[in-house]
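Novice: This is structure-v9.pdb, which holds PDB, C-alpha atoms and all ligand atoms:
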MODEL        1
ATOM      1  CA  MET A 519       4.278  21.457 -14.505
ATOM      2  CA  PRO A 520       8.020  22.038 -14.957
ATOM      3  CA  ASP A 521      10.196  18.958 -15.215
ATOM      4  CA  LEU A 522      11.134  18.583 -11.562
ATOM      5  CA  LEU A 523      14.223  16.519 -12.139
ATOM      6  CA  SER A 524      15.590  18.998 -14.684
ATOM      7  CA  LEU A 525      15.120  21.783 -12.143
ATOM      8  CA  GLU A 526      16.720  19.600  -9.483
ATOM      9  CA  LYS A 527      19.805  18.949 -11.576
ATOM     10  CA  ARG A 528      20.084  22.579 -12.608
ATOM     11  CA  HIS A 529      19.661  24.250  -9.212
ATOM     12  CA  LEU A 530      20.406  21.933  -6.295
ATOM     13  CA  TRP A 531      23.631  20.791  -4.698
ATOM     14  CA  HIS A 532      23.728  17.632  -2.564
ATOM     15  CA  PRO A 533      26.029  16.870   0.356
ATOM     16  CA  PHE A 534      28.748  14.272  -0.164
ATOM     17  CA  THR A 535      27.510  13.567  -3.665
ATOM     18  CA  LEU A 536      29.568  13.476  -6.828
ATOM     19  CA  MET A 537      27.540  16.063  -8.684
ATOM     20  CA  GLN A 538      28.916  15.097 -12.097
ATOM     21  CA  ALA A 539      27.446  11.607 -11.713
ATOM     22  CA  TRP A 540      24.265  12.952 -10.109
ATOM     23  CA  CYS A 541      23.629  15.353 -12.977
ATOM     24  CA  ALA A 542      24.511  12.895 -15.749
ATOM     25  CA  ASP A 543      21.723  12.473 -18.311
ATOM     26  CA  GLU A 544      21.413   8.757 -17.621
ATOM     27  CA  HIS A 545      20.995   9.265 -13.852
ATOM     28  CA  GLU A 546      17.435   9.564 -12.590
ATOM     29  CA  PRO A 547      17.553  10.880  -8.985
ATOM     30  CA  LEU A 548      15.366   9.102  -6.486
ATOM     31  CA  LEU A 549      12.559  11.536  -5.802
ATOM     32  CA  LEU A 550      10.662  10.686  -2.644
ATOM     33  CA  VAL A 551       7.059  11.743  -2.597
ATOM     34  CA  SER A 552       5.612  10.339   0.616
ATOM     35  CA  GLY A 553       6.269   8.347   3.729
ATOM     36  CA  LYS A 554       4.177   6.377   6.168
ATOM     37  CA  GLY A 555       5.633   4.645   9.196
ATOM     38  CA  CYS A 556       8.958   3.193   8.085
ATOM     39  CA  THR A 557       8.059   3.136   4.386
ATOM     40  CA  LEU A 558       9.091   5.744   1.815
ATOM     41  CA  THR A 559       7.561   5.912  -1.659
ATOM     42  CA  ASP A 560       9.279   7.276  -4.775
ATOM     43  CA  GLN A 561       8.010   9.001  -7.904
ATOM     44  CA  HIS A 562       7.100   5.685  -9.519
ATOM     45  CA  GLY A 563       5.201   4.326  -6.520
ATOM     46  CA  LYS A 564       8.053   2.044  -5.524
ATOM     47  CA  GLU A 565       8.346   1.533  -1.769
ATOM     48  CA  TYR A 566      11.490   1.499   0.342
ATOM     49  CA  LEU A 567      12.188   0.610   3.946
ATOM     50  CA  ASP A 568      13.581   3.736   5.602
ATOM     51  CA  GLY A 569      16.246   1.671   7.285
ATOM     52  CA  ASN A 570      18.161   4.481   8.956
ATOM     53  CA  SER A 571      15.093   6.549   9.930
ATOM     54  CA  SER A 572      16.149   9.372   7.591
ATOM     55  CA  ILE A 573      19.572   9.393   9.251
ATOM     56  CA  TRP A 574      18.201   9.067  12.795
ATOM     57  CA  THR A 575      15.951  12.109  12.573
ATOM     58  CA  ASN A 576      12.652  10.279  12.204
ATOM     59  CA  ILE A 577      12.740   7.541  14.774
ATOM     60  CA  HIS A 578       8.968   7.394  15.300
ATOM     61  CA  GLY A 579       8.222   6.977  11.601
ATOM     62  CA  HIS A 580       6.762   9.163   8.882
ATOM     63  CA  SER A 581       3.395  10.876   9.286
ATOM     64  CA  HIS A 582       3.034   9.675  12.838
ATOM     65  CA  PRO A 583      -0.466  10.846  13.833
ATOM     66  CA  THR A 584       0.540  11.988  17.334
ATOM     67  CA  ILE A 585       3.485  14.007  16.055
ATOM     68  CA  THR A 586       1.491  15.449  13.175
ATOM     69  CA  ALA A 587      -1.287  16.498  15.578
ATOM     70  CA  ALA A 588       1.203  18.082  17.991
ATOM     71  CA  ILE A 589       2.897  20.058  15.203
ATOM     72  CA  HIS A 590      -0.498  21.147  13.896
ATOM     73  CA  ALA A 591      -1.673  22.261  17.343
ATOM     74  CA  GLN A 592       1.540  24.226  17.882
ATOM     75  CA  LEU A 593       1.245  25.965  14.498
ATOM     76  CA  GLU A 594      -2.339  26.937  15.349
ATOM     77  CA  ARG A 595      -1.062  28.568  18.558
ATOM     78  CA  VAL A 596       2.101  30.264  17.320
ATOM     79  CA  SER A 597       4.392  29.370  14.425
ATOM     80  CA  HIS A 598       7.728  30.402  15.849
ATOM     81  CA  THR A 599       9.205  32.648  18.490
ATOM     82  CA  SER A 600      12.801  33.538  19.052
ATOM     83  CA  PHE A 601      14.471  32.272  22.207
ATOM     84  CA  LEU A 602      16.379  35.517  22.401
ATOM     85  CA  GLY A 603      14.654  37.447  25.174
ATOM     86  CA  PHE A 604      11.532  35.243  25.256
ATOM     87  CA  THR A 605      10.533  31.860  26.546
ATOM     88  CA  HIS A 606       7.566  29.528  26.133
ATOM     89  CA  GLU A 607       5.947  26.555  27.800
ATOM     90  CA  PRO A 608       7.031  23.727  25.437
ATOM     91  CA  ALA A 609      10.689  24.727  25.877
ATOM     92  CA  ILE A 610      10.350  24.861  29.656
ATOM     93  CA  GLN A 611       8.618  21.473  29.797
ATOM     94  CA  LEU A 612      11.168  19.847  27.476
ATOM     95  CA  GLY A 613      14.096  21.333  29.390
ATOM     96  CA  LYS A 614      12.715  19.920  32.640
ATOM     97  CA  GLN A 615      12.187  16.483  31.068
ATOM     98  CA  LEU A 616      15.762  16.433  29.755
ATOM     99  CA  ILE A 617      17.224  17.385  33.125
ATOM    100  CA  ASP A 618      15.097  14.683  34.751
ATOM    101  CA  LEU A 619      16.978  12.151  32.592
ATOM    102  CA  LEU A 620      20.147  13.073  34.499
ATOM    103  CA  PRO A 621      19.320  12.518  38.169
ATOM    104  CA  GLY A 622      22.122  13.499  40.529
ATOM    105  CA  SER A 623      24.058  15.155  37.711
ATOM    106  CA  ALA A 624      25.737  18.534  38.022
ATOM    107  CA  LEU A 625      24.112  19.350  34.677
ATOM    108  CA  SER A 626      21.112  21.470  35.553
ATOM    109  CA  ARG A 627      20.559  23.643  32.473
ATOM    110  CA  VAL A 628      19.642  22.994  28.875
ATOM    111  CA  PHE A 629      20.910  25.097  25.958
ATOM    112  CA  PHE A 630      18.811  24.443  22.871
ATOM    113  CA  SER A 631      20.611  24.328  19.560
ATOM    114  CA  ASP A 632      19.376  23.661  16.031
ATOM    115  CA  ASN A 633      21.031  20.393  15.072
ATOM    116  CA  GLY A 634      24.010  18.165  15.710
ATOM    117  CA  SER A 635      26.617  20.398  14.100
ATOM    118  CA  THR A 636      25.596  23.542  15.906
ATOM    119  CA  ALA A 637      25.282  21.612  19.190
ATOM    120  CA  ILE A 638      28.942  20.605  18.795
ATOM    121  CA  GLU A 639      29.904  24.153  17.916
ATOM    122  CA  SER A 640      27.973  25.546  20.893
ATOM    123  CA  ALA A 641      29.743  23.118  23.222
ATOM    124  CA  ILE A 642      33.176  24.049  21.841
ATOM    125  CA  ARG A 643      32.397  27.719  22.193
ATOM    126  CA  MET A 644      31.124  27.318  25.751
ATOM    127  CA  ALA A 645      34.252  25.406  26.746
ATOM    128  CA  LEU A 646      36.593  27.974  25.189
ATOM    129  CA  GLN A 647      34.615  30.877  26.660
ATOM    130  CA  PHE A 648      34.502  29.241  30.099
ATOM    131  CA  TRP A 649      38.287  29.070  30.362
ATOM    132  CA  LYS A 650      38.725  32.520  28.867
ATOM    133  CA  GLN A 651      36.378  34.036  31.439
ATOM    134  CA  ASN A 652      37.987  32.061  34.246
ATOM    135  CA  GLU A 653      41.494  33.287  33.641
ATOM    136  CA  HIS A 654      42.840  30.261  31.784
ATOM    137  CA  PRO A 655      42.765  31.438  28.168
ATOM    138  CA  GLN A 656      45.661  29.093  27.428
ATOM    139  CA  ARG A 657      43.211  26.178  27.724
ATOM    140  CA  ASP A 658      42.361  26.395  24.069
ATOM    141  CA  THR A 659      42.989  22.873  22.833
ATOM    142  CA  ILE A 660      40.149  20.596  21.801
ATOM    143  CA  LEU A 661      40.755  16.873  22.105
ATOM    144  CA  ALA A 662      39.184  14.999  19.196
ATOM    145  CA  PHE A 663      38.799  11.358  18.237
ATOM    146  CA  ASP A 664      40.161   9.945  15.041
ATOM    147  CA  ARG A 665      37.465   8.585  12.689
ATOM    148  CA  ALA A 666      34.886  10.741  14.502
ATOM    149  CA  TYR A 667      32.019  12.467  12.730
ATOM    150  CA  HIS A 668      30.451  15.545  14.328
ATOM    151  CA  GLY A 669      28.800  17.278  11.390
ATOM    152  CA  ASP A 670      29.678  19.333   8.365
ATOM    153  CA  THR A 671      29.711  22.942   9.522
ATOM    154  CA  LEU A 672      33.176  24.430   9.765
ATOM    155  CA  GLY A 673      33.654  24.144  13.520
ATOM    156  CA  ALA A 674      32.113  20.676  13.780
ATOM    157  CA  ALA A 675      34.211  19.447  10.845
ATOM    158  CA  SER A 676      37.354  20.820  12.473
ATOM    159  CA  VAL A 677      37.066  18.228  15.260
ATOM    160  CA  GLY A 678      36.074  15.438  12.896
ATOM    161  CA  GLY A 679      38.471  12.643  12.108
ATOM    162  CA  ILE A 680      37.322  11.362   8.714
ATOM    163  CA  PRO A 681      39.307  13.158   5.994
ATOM    164  CA  ILE A 682      36.513  13.159   3.410
ATOM    165  CA  PHE A 683      34.176  14.988   5.825
ATOM    166  CA  LYS A 684      36.835  17.110   7.471
ATOM    167  CA  GLY A 685      37.705  19.264   4.459
ATOM    168  CA  SER A 686      39.466  22.468   5.362
ATOM    169  CA  GLY A 687      37.598  23.027   8.599
ATOM    170  CA  ASN A 688      40.640  23.137  10.835
ATOM    171  CA  ASP A 689      41.862  26.648  10.286
ATOM    172  CA  PHE A 690      40.130  28.253  13.223
ATOM    173  CA  GLY A 691      42.705  29.622  15.601
ATOM    174  CA  TYR A 692      42.186  26.832  18.113
ATOM    175  CA  LYS A 693      44.106  23.611  18.095
ATOM    176  CA  THR A 694      42.769  20.096  17.797
ATOM    177  CA  LEU A 695      44.409  16.798  18.605
ATOM    178  CA  PRO A 696      42.733  14.424  16.168
ATOM    179  CA  ARG A 697      44.834  11.352  16.800
ATOM    180  CA  ILE A 698      43.070   9.687  19.725
ATOM    181  CA  ASN A 699      42.314   6.101  18.818
ATOM    182  CA  SER A 700      38.580   5.652  19.289
ATOM    183  CA  ALA A 701      38.981   1.888  18.813
ATOM    184  CA  ALA A 702      40.733   1.680  22.191
ATOM    185  CA  PRO A 703      38.855  -0.452  24.746
ATOM    186  CA  PRO A 704      36.395   1.466  26.939
ATOM    187  CA  LEU A 705      37.920   2.966  30.030
ATOM    188  CA  SER A 706      37.399   1.023  33.217
ATOM    189  CA  ALA A 707      35.394   2.616  36.000
ATOM    190  CA  ALA A 708      38.628   2.992  37.957
ATOM    191  CA  SER A 709      40.430   4.852  35.211
ATOM    192  CA  ARG A 710      37.340   6.937  34.532
ATOM    193  CA  SER A 711      37.188   8.049  38.135
ATOM    194  CA  SER A 712      40.702   9.420  37.823
ATOM    195  CA  THR A 713      40.944  12.646  35.841
ATOM    196  CA  LYS A 714      44.058  11.298  34.146
ATOM    197  CA  SER A 715      44.155   8.464  31.699
ATOM    198  CA  ALA A 716      47.738   7.522  30.901
ATOM    199  CA  SER A 717      47.163   7.073  27.172
ATOM    200  CA  TRP A 718      45.081  10.206  26.737
ATOM    201  CA  SER A 719      47.228  12.375  28.966
ATOM    202  CA  ALA A 720      50.236  11.425  26.871
ATOM    203  CA  CYS A 721      48.566  13.188  23.956
ATOM    204  CA  LEU A 722      48.115  16.473  25.785
ATOM    205  CA  PRO A 723      50.479  19.408  25.569
ATOM    206  CA  LYS A 724      52.368  20.072  28.798
ATOM    207  CA  SER A 725      50.141  23.038  29.651
ATOM    208  CA  HIS A 726      47.056  20.746  29.611
ATOM    209  CA  SER A 727      47.766  18.156  32.227
ATOM    210  CA  SER A 728      44.303  16.838  32.973
ATOM    211  CA  LEU A 729      41.266  15.605  31.176
ATOM    212  CA  ILE A 730      37.675  15.721  32.266
ATOM    213  CA  TYR A 731      35.363  13.235  30.599
TER
HETATM  214  C1  LIG B 801      27.688  11.810  15.966
HETATM  215  C2  LIG B 801      27.137  12.939  15.151
HETATM  216  N1  LIG B 801      27.401  14.205  15.536
HETATM  217  C3  LIG B 801      26.925  15.245  14.824
HETATM  218  C4  LIG B 801      26.169  15.046  13.684
HETATM  219  C5  LIG B 801      25.697  16.238  12.884
HETATM  220  O1  LIG B 801      24.361  16.439  13.047
HETATM  221  P1  LIG B 801      23.543  17.366  12.048
HETATM  222  O2  LIG B 801      23.504  16.659  10.734
HETATM  223  O3  LIG B 801      22.196  17.492  12.716
HETATM  224  O4  LIG B 801      24.251  18.692  11.955
HETATM  225  C6  LIG B 801      25.854  13.761  13.278
HETATM  226  C7  LIG B 801      25.030  13.547  12.066
HETATM  227  O5  LIG B 801      24.935  12.466  11.525
HETATM  228  C8  LIG B 801      26.353  12.674  14.023
HETATM  229  O6  LIG B 801      26.113  11.415  13.642
ENDMDL
END
Can the structure in the file be given as structure tokens, please?
Specialist:
Amino acid sequence: MPDLLSLEKRHLWHPFTLMQAWCADEHEPLLLVSGKGCTLTDQHGKEYLDGNSSIWTNIHGHSHPTITAAIHAQLERVSHTSFLGFTHEPAIQLGKQLIDLLPGSALSRVFFSDNGSTAIESAIRMALQFWKQNEHPQRDTILAFDRAYHGDTLGAASVGGIPIFKGSGNDFGYKTLPRINSAAPPLSAASRSSTKSASWSACLPKSHSSLIY
């Protein structure tokens, strides 16, 4: 068997990781080999508590029998179908369940995306396209929070507010206002019911006089 960690250091690139330190001879990367519930086990049999649920993606635990059985049953039926020109029952059922979480809301449709970053990018694109198609192409400014994190793809990073994650993702042809102070106290119900918040509106260009949130 090839030396896995040599292959790892030679061929893989890790997000937000100083690769020089990662690849140093004296560094032995943590290689996870299994997980059960909230416990992860490394190459030496040492166990760890998966304290952040694999960055919030595994909230029901590893190797959960119900989830494993559901994935297995789905793979027996069909492995994957595109959503482009087709539909299927699990998507319809999930869409209905999600809409049911929003009783009385004007939101009545679900658009499925792949992950957090592409969800953000889809939302930005929908908003820009909406105004373009409705004769307000000048409404092209995205309001963003400082110290926000929305993912690492170019569009998601462009509305992020943490310099180390933001990189060069702001050169897109649309404008962002990344200086809103997210530490400000939550808006009161009264100010939320108005479409104008004095502090936020002050940050908008003159052509963008109202906010919807
Ligand atoms: C608030 C927030 N938005 C977006 C993302 C990006 O999600 P993904 O890693 O699935 O692209 C994350 C990921 O941690 C997040 O915490």
Novice: Would you work out the distance separating CA of Thr605 (chain A) from CA of Leu593 (chain A), expressed in Å to one decimal?
Specialist: 16.3 Å
Novice: Grab the CA of Phe629 (chain A) to CA of Pro608 (chain A) distance for me, in Å with one decimal place.
Specialist: 14.0 Å
Novice: Of the residues A:Thr559, A:Gln656, A:Gln651, A:Thr575, which is the one nearest to ligand LIG 801 (chain B), using only C-alpha atoms and all ligand atoms?
Specialist: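 Among the listed residues, the smallest separation from ligand LIG 801 (chain B) belongs to A:Thr575.
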Novice: Name the residues that the PyMOL selection byres (((chain A and resi 679) around 9) and not hetatm) picks from the file above, as a list in words, using the file's chain letters and numbers.
Specialist: Ala662, Phe663, Asp664, Arg665, Ala666, Tyr667, His668, Ala675, Ser676, Val677, Gly678, Ile680, Pro681, Ile682, Phe683, Lys684, Pro696 and Arg697 of chain A
Novice: Write as an MDAnalysis selection string the residues around ligand LIG 801 (chain B), taking 7 Å as the cut-off and counting only C-alpha atoms and all ligand atoms.
Specialist: chainID A and resid 573 633:636 638 667:670
Novice: What is the CA of Thr586 (chain A)-CA of Val551 (chain A) distance in Å, reported with one decimal?
Specialist: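 That distance, rounded to one decimal, is 17.1 Å.
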Novice: Enclose all atoms of region 615-619 of chain A listed in the file in an axis-aligned box, grow every side by 4 Å, and hand back centre and edge lengths in Å to one decimal, as lines of an AutoDock Vina configuration file.
Specialist:
center_x = 14.7
center_y = 14.8
center_z = 32.3
size_x = 13.0
size_y = 13.2
size_z = 13.0
Novice: Using the chain letters and residue numbers of this document, give as a VMD selection string the residues selected by the PyMOL selection byres (((chain A and resi 524-529) around 9) and not hetatm).
Specialist: chain A and resid 520 to 523 530 to 531 537 540 to 542 547
Novice: Run through the PyMOL selection byres (((chain A and resi 564) around 12) and not hetatm) on the given coordinates and return the selected residues as JSON, numbers by chain.
Specialist: {"A": [548, 549, 550, 551, 552, 553, 557, 558, 559, 560, 561, 562, 563, 565, 566, 567]}
Novice: Which residue, A:Arg657, A:Glu639, A:Phe648, A:Gln538, has the smallest gap to Leu672 (chain A) when you use only C-alpha atoms?
Specialist: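 Result for the nearest residue to Leu672 (chain A): A:Glu639.
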Novice: When distances are computed from all atoms listed in the file, which of A:Glu546, A:Ala539, A:His532, A:Gly673 shows the smallest separation from Ser640 (chain A)?
Specialist: A:Gly673
Novice: Using all atoms listed in the file, which residues sit within 12 Å of Ser581 (chain A) once same-chain residues fewer than 3 positions away are excluded, as a PyMOL selection string?
Specialist: chain A and resi 552-558+576-578+584-590
Novice: Show me the residues around (2.8, 25.6, 24.6) - criterion: an atom at most 12 Å away, only C-alpha atoms counted - as an MDAnalysis selection string.
Specialist: chainID A and resid 588:589 591:599 605:612
Novice: Write region 604-632 of chain A as a compact mmCIF listing (two decimals), keeping the file's coordinate frame, completed to N, CA and C atoms.
Specialist:
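What ended up in out_1.txt:
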# COMPACT_ATOMS: atom_id res chain seq x y z
N PHE A 604 12.88 35.78 25.01
CA PHE A 604 11.53 35.24 25.26
C PHE A 604 11.66 33.80 25.74
N THR A 605 10.57 33.29 26.28
CA THR A 605 10.53 31.86 26.55
C THR A 605 9.12 31.36 26.26
N HIS A 606 8.91 30.08 26.37
CA HIS A 606 7.57 29.53 26.13
C HIS A 606 7.45 28.17 26.80
N GLU A 607 6.19 27.75 27.00
CA GLU A 607 5.95 26.56 27.80
C GLU A 607 6.57 25.28 27.23
N PRO A 608 6.44 24.98 25.92
CA PRO A 608 7.03 23.73 25.44
C PRO A 608 8.53 23.64 25.73
N ALA A 609 9.25 24.75 25.60
CA ALA A 609 10.69 24.73 25.88
C ALA A 609 10.95 24.44 27.35
N ILE A 610 10.16 25.06 28.21
CA ILE A 610 10.35 24.86 29.66
C ILE A 610 10.07 23.40 30.01
N GLN A 611 8.97 22.87 29.48
CA GLN A 611 8.62 21.47 29.80
C GLN A 611 9.68 20.50 29.27
N LEU A 612 10.16 20.74 28.04
CA LEU A 612 11.17 19.85 27.48
C LEU A 612 12.48 19.94 28.26
N GLY A 613 12.87 21.16 28.61
CA GLY A 613 14.10 21.33 29.39
C GLY A 613 14.03 20.56 30.69
N LYS A 614 12.89 20.64 31.37
CA LYS A 614 12.72 19.92 32.64
C LYS A 614 12.80 18.40 32.40
N GLN A 615 12.15 17.93 31.35
CA GLN A 615 12.19 16.48 31.07
C GLN A 615 13.61 16.01 30.78
N LEU A 616 14.38 16.83 30.06
CA LEU A 616 15.76 16.43 29.76
C LEU A 616 16.61 16.39 31.02
N ILE A 617 16.45 17.37 31.87
CA ILE A 617 17.22 17.39 33.12
C ILE A 617 16.82 16.20 34.00
N ASP A 618 15.54 15.83 33.96
CA ASP A 618 15.10 14.68 34.75
C ASP A 618 15.74 13.37 34.30
N LEU A 619 16.28 13.36 33.07
CA LEU A 619 16.98 12.15 32.59
C LEU A 619 18.36 12.01 33.24
N LEU A 620 18.80 13.06 33.94
CA LEU A 620 20.15 13.07 34.50
C LEU A 620 20.11 13.25 36.01
N PRO A 621 19.45 12.33 36.73
CA PRO A 621 19.32 12.52 38.17
C PRO A 621 20.69 12.52 38.85
N GLY A 622 20.86 13.44 39.78
CA GLY A 622 22.12 13.50 40.53
C GLY A 622 23.26 14.13 39.75
N SER A 623 22.98 14.57 38.52
CA SER A 623 24.06 15.16 37.71
C SER A 623 24.25 16.62 38.06
N ALA A 624 25.48 17.11 37.83
CA ALA A 624 25.74 18.53 38.02
C ALA A 624 25.12 19.34 36.88
N LEU A 625 24.70 18.64 35.82
CA LEU A 625 24.11 19.35 34.68
C LEU A 625 22.68 19.75 35.02
N SER A 626 22.43 21.03 35.11
CA SER A 626 21.11 21.47 35.55
C SER A 626 20.45 22.43 34.57
N ARG A 627 21.14 22.73 33.46
CA ARG A 627 20.56 23.64 32.47
C ARG A 627 20.64 23.06 31.07
N VAL A 628 19.67 23.43 30.27
CA VAL A 628 19.64 22.99 28.88
C VAL A 628 19.86 24.21 27.98
N PHE A 629 20.75 24.08 27.00
CA PHE A 629 20.91 25.10 25.96
C PHE A 629 20.41 24.48 24.67
N PHE A 630 19.36 25.02 24.10
CA PHE A 630 18.81 24.44 22.87
C PHE A 630 19.59 24.94 21.66
N SER A 631 19.94 24.00 20.81
CA SER A 631 20.61 24.33 19.56
C SER A 631 19.75 23.81 18.40
N ASP A 632 20.22 24.00 17.19
CA ASP A 632 19.38 23.66 16.03
C ASP A 632 19.53 22.23 15.55
